[in-house]
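S.K.: So that we are looking at the same thing, I have put the structure below in structure tokens.
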Protein chains: 2
Amino acid sequence: MSREFDEKLRQYISLTEDSLKEYNGLTPETEPQKSLITAMNYSLDAGGKRIRPVLVYAFCELFGGDLRKAKAPACAIEMIHTFSLIHDDLPAMDNDDFRRGKPSCHKAFGEAAAILAGDALSVLPYEIIADDDSLTAEQKVKIISRLSKAVGRSGMIGGQVIDMENESRNDVDEANLRNMYRCKTGELIAISCIMGGICAGADDAQLDIAAEYAFRLGLAFQIIDDILDVTGSQEVLGKPVGSDAEENKTTFVTLYGVEGAQKIADEITGEAMELLNKFENNAFLAELTEMLLKRKN
Amino acid sequence: MSREFDEKLRQYISLTEDSLKEYNGLTPETEPQKSLITAMNYSLDAGGKRIRPVLVYAFCELFGGDLRKAKAPACAIEMIHTFSLIHDDLPAMDNDDFRRGKPSCHKAFGEAAAILAGDALSVLPYEIIADDDSLTAEQKVKIISRLSKAVGRSGMIGGQVIDMENESRNDVDEANLRNMYRCKTGELIAISCIMGGICAGADDAQLDIAAEYAFRLGLAFQIIDDILDVTGSQEVLGKPVGSDAEENKTTFVTLYGVEGAQKIADEITGEAMELLNKFENNAFLAELTEMLLKRKN
């Protein structure tokens, strides 16, 4: 990792974490809902890699935009990611007691509070984007239109439904898996890059390339998740390993084995790098891609 | 009920129900998520009074706006109301097996599907508003800014948190109850009226009066709910009666008795009518207010 990359990454993450606190701070107005804000912040603070907001900032700078314009979309996408984790962890869904090494939201605050904290984190993004004072009304509408689609029926939530239904199927093939990952993970990765581009005034052709890069990044990332579920350790991952096999899930590893899955991930990574090379000043994103796709946790 | 009122009401409801189907129809794009769309439509179709979309349309016409402009906001608010009912009915929340006389969403489709159907219905509103082609970008941003606040931490979801926390308190007083109802019910009623006004180009002073009217309508409506929980019948209400007392909830009836609560509801209704009288051409809304606040179910 270069020093420039490391500094930039820290800057993006610190911008994100400062802004998240600011956007979801307690005010006299929200005092009666203190427990809700506390549960929301507990999950927002739980850390993680902040990949999605980093991508918003990185694509904003890639297209020569002012980082301040990316602030609301960067926090919005992290809120949505957090909302999805809270609801995914619920007993009726994946029933995970731990998330990033800490008790999951419903273990810490109860199930009803977790449902509501997730709900509130799914709405706040639209508020902070609509209220941002550095973006034009047209930019906001374009961002909200694409963001809500990336989250909704045909996006992340739709992907979660496909994932759930796959659990009771024994005929899940690569096409199904690719579509599920594209919806469940890829759409949020892609919208992160797209929003960064919109903030910087990128044109639709540029946004399309950014999205194509992002879908490959997301897919390779997910395949590596499949691999790490088998090869990783609980200590490093902060969650139980082997959970896919236990739940009898079809993954790229169950379809093609660890080596086969790694080969596919490498190919897709290569395609992602090629797409990235269509842009100048891509050094940060090239290092980021490498870091994410060679990670051990 | 006058014939004009009845026709207008049917028109607004039918506009709403036609548009809901259109917005949440199955497309080739959403085919893999068919079960999700089915669960969403099951709850959207469950009927109910469609009060919120009717208010959007009525306030749009009150301020001389074109009804087509109100289409997206009218459906958006019904989707949000439906999302809140689906999540409120969940076992971890109010644990209601029936809603509007039909099995609630989680009873019909399972708990995980209900969580996701609610999630998807909480996002779709922002998509359909952002994509509407009759509103300006400025109108959309103003609507989304206010709508997301009405739904979020300090609005409906915040109200649900206060309601939940009140269950384990024995010191709930009128001020708490008024605030809880204002958040939980009033905010969605108010934003319905406000959005109708924004669609018609109403100014902020007019929107303020509309909101003041709406908060009173919402509060009186909720107090009448408290009364009907004691005096209504399951057949008419489509849900078990006496559930408040069973759950040891503080309501206007437990605080002031049925007659006392009715007196307060009547006073607030009078204030609502006074506010409404600040507008011309308010005949429909006056009849609607009367219908809602003299209802028996």
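The way I read the labels, and the way they are meant: chains A, B, ... in the order of the structure tokens, residue 1 as the first residue of every chain, and ligand 1 as the first ligand shown, with later ones counted on from there.
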Write out as a tab-separated table the residues of chain B that have any atom within 8 Å of an atom of chain A, one row each with the nearest atom pair and its distance in Å to one decimal, counting only C-alpha atoms, sorted by chain and then rising number.
M.R.:
residue	atom	partner	partner_atom	distance
B:Glu29	CA	A:Ser154	CA	7.0
B:Thr30	CA	A:Ser154	CA	5.7
B:Pro32	CA	A:Ile162	CA	7.0
B:Gln33	CA	A:Gly158	CA	5.6
B:Leu36	CA	A:Val161	CA	6.9
B:Ile37	CA	A:Arg153	CA	7.5
B:His87	CA	A:Ile115	CA	7.8
B:Ala92	CA	A:Ala112	CA	5.3
B:Met93	CA	A:Ala112	CA	5.5
B:Glu111	CA	A:Ala92	CA	6.0
B:Ala112	CA	A:Ala92	CA	5.3
B:Ala113	CA	A:Val161	CA	7.5
B:Ile115	CA	A:His87	CA	7.8
B:Leu116	CA	A:Ile157	CA	6.6
B:Asp119	CA	A:Asp119	CA	7.2
B:Ala120	CA	A:Gly152	CA	5.2
B:Ser122	CA	A:Val123	CA	7.5
B:Val123	CA	A:Ser148	CA	5.9
B:Leu124	CA	A:Gly152	CA	6.4
B:Tyr126	CA	A:Ser148	CA	6.3
B:Glu127	CA	A:Ser145	CA	5.0
B:Ile128	CA	A:Ser145	CA	7.8
B:Ala130	CA	A:Ser145	CA	5.1
B:Asp131	CA	A:Ser145	CA	6.2
B:Ala137	CA	A:Ala137	CA	5.5
B:Glu138	CA	A:Ala137	CA	5.7
B:Lys140	CA	A:Val141	CA	7.2
B:Val141	CA	A:Ala130	CA	5.5
B:Lys142	CA	A:Ala130	CA	7.4
B:Ile144	CA	A:Ala130	CA	6.4
B:Ser145	CA	A:Glu127	CA	5.1
B:Arg146	CA	A:Glu127	CA	7.7
B:Ser148	CA	A:Glu127	CA	5.3
B:Lys149	CA	A:Glu127	CA	6.5
B:Val151	CA	A:Val123	CA	7.2
B:Gly152	CA	A:Ala120	CA	5.2
B:Arg153	CA	A:Ala120	CA	5.8
B:Ser154	CA	A:Thr30	CA	5.7
B:Ile157	CA	A:Ala120	CA	6.5
B:Gly158	CA	A:Gln33	CA	5.6
B:Gly159	CA	A:Gln33	CA	7.9
B:Val161	CA	A:Gln33	CA	6.7
B:Ile162	CA	A:Gln33	CA	6.7
S.K.: Residues within 10 Å of Ala211 (chain A), please, as a PyMOL selection string. Count only C-alpha atoms; anything in the same chain fewer than 2 positions from it doesn't count.
M.R.: chain A and resi 186-187+189-194+197+205-209+213-217+275
S.K.: Those same residues - N, CA and C atoms - I'd like them written as an mmCIF file, in the first residue's frame.
M.R.:
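Result saved to again.cif:
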data_model
loop_
_atom_site.group_PDB
_atom_site.id
_atom_site.type_symbol
_atom_site.label_atom_id
_atom_site.label_comp_id
_atom_site.auth_asym_id
_atom_site.auth_seq_id
_atom_site.Cartn_x
_atom_site.Cartn_y
_atom_site.Cartn_z
ATOM 1 N N GLY A 186 -23.916 -6.021 -5.554
ATOM 2 C CA GLY A 186 -23.425 -5.209 -6.668
ATOM 3 C C GLY A 186 -24.127 -3.871 -6.797
ATOM 4 N N GLU A 187 -25.438 -3.871 -6.602
ATOM 5 C CA GLU A 187 -26.194 -2.637 -6.820
ATOM 6 C C GLU A 187 -25.740 -1.516 -5.881
ATOM 7 N N ILE A 189 -22.750 -1.244 -4.471
ATOM 8 C CA ILE A 189 -21.388 -0.870 -4.872
ATOM 9 C C ILE A 189 -21.484 0.045 -6.104
ATOM 10 N N ALA A 190 -22.327 -0.354 -7.048
ATOM 11 C CA ALA A 190 -22.446 0.428 -8.287
ATOM 12 C C ALA A 190 -23.016 1.823 -8.010
ATOM 13 N N ILE A 191 -24.053 1.890 -7.192
ATOM 14 C CA ILE A 191 -24.657 3.203 -6.945
ATOM 15 C C ILE A 191 -23.666 4.104 -6.198
ATOM 16 N N SER A 192 -22.775 3.529 -5.406
ATOM 17 C CA SER A 192 -21.755 4.344 -4.730
ATOM 18 C C SER A 192 -20.893 5.060 -5.767
ATOM 19 N N CYS A 193 -20.412 4.299 -6.753
ATOM 20 C CA CYS A 193 -19.570 4.892 -7.803
ATOM 21 C C CYS A 193 -20.366 5.885 -8.643
ATOM 22 N N ILE A 194 -21.612 5.520 -8.948
ATOM 23 C CA ILE A 194 -22.461 6.390 -9.765
ATOM 24 C C ILE A 194 -22.738 7.705 -9.038
ATOM 25 N N GLY A 197 -19.876 9.992 -9.151
ATOM 26 C CA GLY A 197 -19.798 10.587 -10.485
ATOM 27 C C GLY A 197 -20.818 11.700 -10.678
ATOM 28 N N ALA A 205 -22.187 8.353 -20.103
ATOM 29 C CA ALA A 205 -21.248 7.349 -20.614
ATOM 30 C C ALA A 205 -20.201 7.024 -19.546
ATOM 31 N N GLN A 206 -19.744 8.060 -18.859
ATOM 32 C CA GLN A 206 -18.776 7.835 -17.774
ATOM 33 C C GLN A 206 -19.414 7.048 -16.629
ATOM 34 N N LEU A 207 -20.666 7.392 -16.310
ATOM 35 C CA LEU A 207 -21.364 6.676 -15.232
ATOM 36 C C LEU A 207 -21.545 5.201 -15.576
ATOM 37 N N ASP A 208 -21.790 4.927 -16.865
ATOM 38 C CA ASP A 208 -21.975 3.535 -17.283
ATOM 39 C C ASP A 208 -20.696 2.725 -17.071
ATOM 40 N N ILE A 209 -19.562 3.312 -17.430
ATOM 41 C CA ILE A 209 -18.287 2.596 -17.223
ATOM 42 C C ILE A 209 -18.047 2.393 -15.728
ATOM 43 N N TYR A 213 -17.537 -1.238 -13.938
ATOM 44 C CA TYR A 213 -16.420 -1.517 -13.026
ATOM 45 C C TYR A 213 -16.958 -2.007 -11.678
ATOM 46 N N ALA A 214 -17.946 -1.272 -11.167
ATOM 47 C CA ALA A 214 -18.456 -1.534 -9.820
ATOM 48 C C ALA A 214 -19.107 -2.913 -9.708
ATOM 49 N N PHE A 215 -19.871 -3.295 -10.730
ATOM 50 C CA PHE A 215 -20.513 -4.614 -10.662
ATOM 51 C C PHE A 215 -19.460 -5.719 -10.616
ATOM 52 N N ARG A 216 -18.346 -5.519 -11.321
ATOM 53 C CA ARG A 216 -17.276 -6.526 -11.280
ATOM 54 C C ARG A 216 -16.586 -6.520 -9.911
ATOM 55 N N LEU A 217 -16.346 -5.327 -9.400
ATOM 56 C CA LEU A 217 -15.765 -5.233 -8.059
ATOM 57 C C LEU A 217 -16.663 -5.953 -7.046
ATOM 58 N N LEU A 275 -11.499 -1.824 -16.977
ATOM 59 C CA LEU A 275 -12.503 -0.747 -17.037
ATOM 60 C C LEU A 275 -11.971 0.501 -16.329
#
S.K.: From the set B:Ala272, B:Ala39, B:Met79, B:Glu167, which residue has the shortest atom-to-atom contact distance to Lys107 (chain B), counting only C-alpha atoms?
M.R.: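 Among the listed residues, the smallest separation from Lys107 (chain B) belongs to B:Ala39.
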S.K.: Determine which residues of region 18-257 of chain B receive a DSSP assignment of strand (DSSP E), computed from the backbone, and state them as a PyMOL selection string.
M.R.: chain B and resi 98-99+102-103
S.K.: Please dump the current selection as a tab-separated table (two decimals), in the first residue's frame; keep N, CA, C and O atoms.
M.R.:
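Resulting contents of result-v3.tsv:
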chain	number	residue	atom	x	y	z
B	98	PHE	N	-53.97	-10.40	12.38
B	98	PHE	CA	-54.93	-9.93	11.38
B	98	PHE	C	-54.77	-8.45	11.13
B	98	PHE	O	-54.41	-7.68	12.02
B	99	ARG	N	-55.07	-8.06	9.92
B	99	ARG	CA	-55.01	-6.66	9.52
B	99	ARG	C	-56.13	-6.46	8.50
B	99	ARG	O	-56.17	-7.16	7.49
B	102	LYS	N	-57.91	-9.54	7.15
B	102	LYS	CA	-57.15	-10.59	6.45
B	102	LYS	C	-55.92	-10.96	7.30
B	102	LYS	O	-55.46	-10.15	8.10
B	103	PRO	N	-55.37	-12.15	7.09
B	103	PRO	CA	-54.12	-12.47	7.80
B	103	PRO	C	-53.09	-11.38	7.51
B	103	PRO	O	-52.99	-10.91	6.38
S.K.: Interatomic distance between CA of Gln222 (chain B) and CA of Gly47 (chain B)?
M.R.: 18.9 Å
S.K.: Just give me the gap between CA of Arg169 (chain A) and CA of Gly257 (chain A) in Å, one decimal is fine.
M.R.: 19.4 Å
S.K.: Report, in Å with one decimal, the straight-line distance from CA of Leu293 (chain A) to CA of Ile77 (chain A).
M.R.: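 Between CA of Leu293 (chain A) and CA of Ile77 (chain A) the gap works out to 20.6 Å.
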S.K.: Write out as a VMD selection string which residues come within 10 Å of Gln262 (chain B) when counting only C-alpha atoms, dropping same-chain ones fewer than 4 positions away.
M.R.: chain B and resid 220 223 to 224 226 to 227 252 to 253 256 to 258 266 to 268
S.K.: Okay, now the selection with C-alpha atoms, as a short mmCIF file (atom, residue, chain, number, x, y, z; two decimals), in the first residue's frame?
M.R.:
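Once everything was written out, this is selection07.cif:
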data_model
loop_
_atom_site.label_atom_id
_atom_site.label_comp_id
_atom_site.auth_asym_id
_atom_site.auth_seq_id
_atom_site.Cartn_x
_atom_site.Cartn_y
_atom_site.Cartn_z
CA ALA B 220 -58.84 13.46 16.81
CA ILE B 223 -58.47 9.53 20.02
CA ILE B 224 -61.47 8.07 18.22
CA ASP B 226 -58.87 4.77 21.39
CA ILE B 227 -62.62 5.07 21.89
CA PHE B 252 -57.15 9.04 26.05
CA VAL B 253 -59.85 6.62 27.25
CA TYR B 256 -60.32 10.48 30.71
CA GLY B 257 -62.91 7.74 30.07
CA VAL B 258 -64.96 7.35 26.89
CA ASP B 266 -64.90 17.06 19.56
CA GLU B 267 -62.90 20.12 20.61
CA ILE B 268 -60.00 19.21 18.37
#
S.K.: How would you write, as a count of residues only, the set of residues in region 80-251 of chain A that DSSP gives as helix (DSSP H, G or I)?
M.R.: 124
S.K.: Determine the nearest neighbour of Asp89 (chain B) from the options B:Pro73, B:Ser43, B:Cys60, B:Asp203, counting only C-alpha atoms.
M.R.: B:Ser43
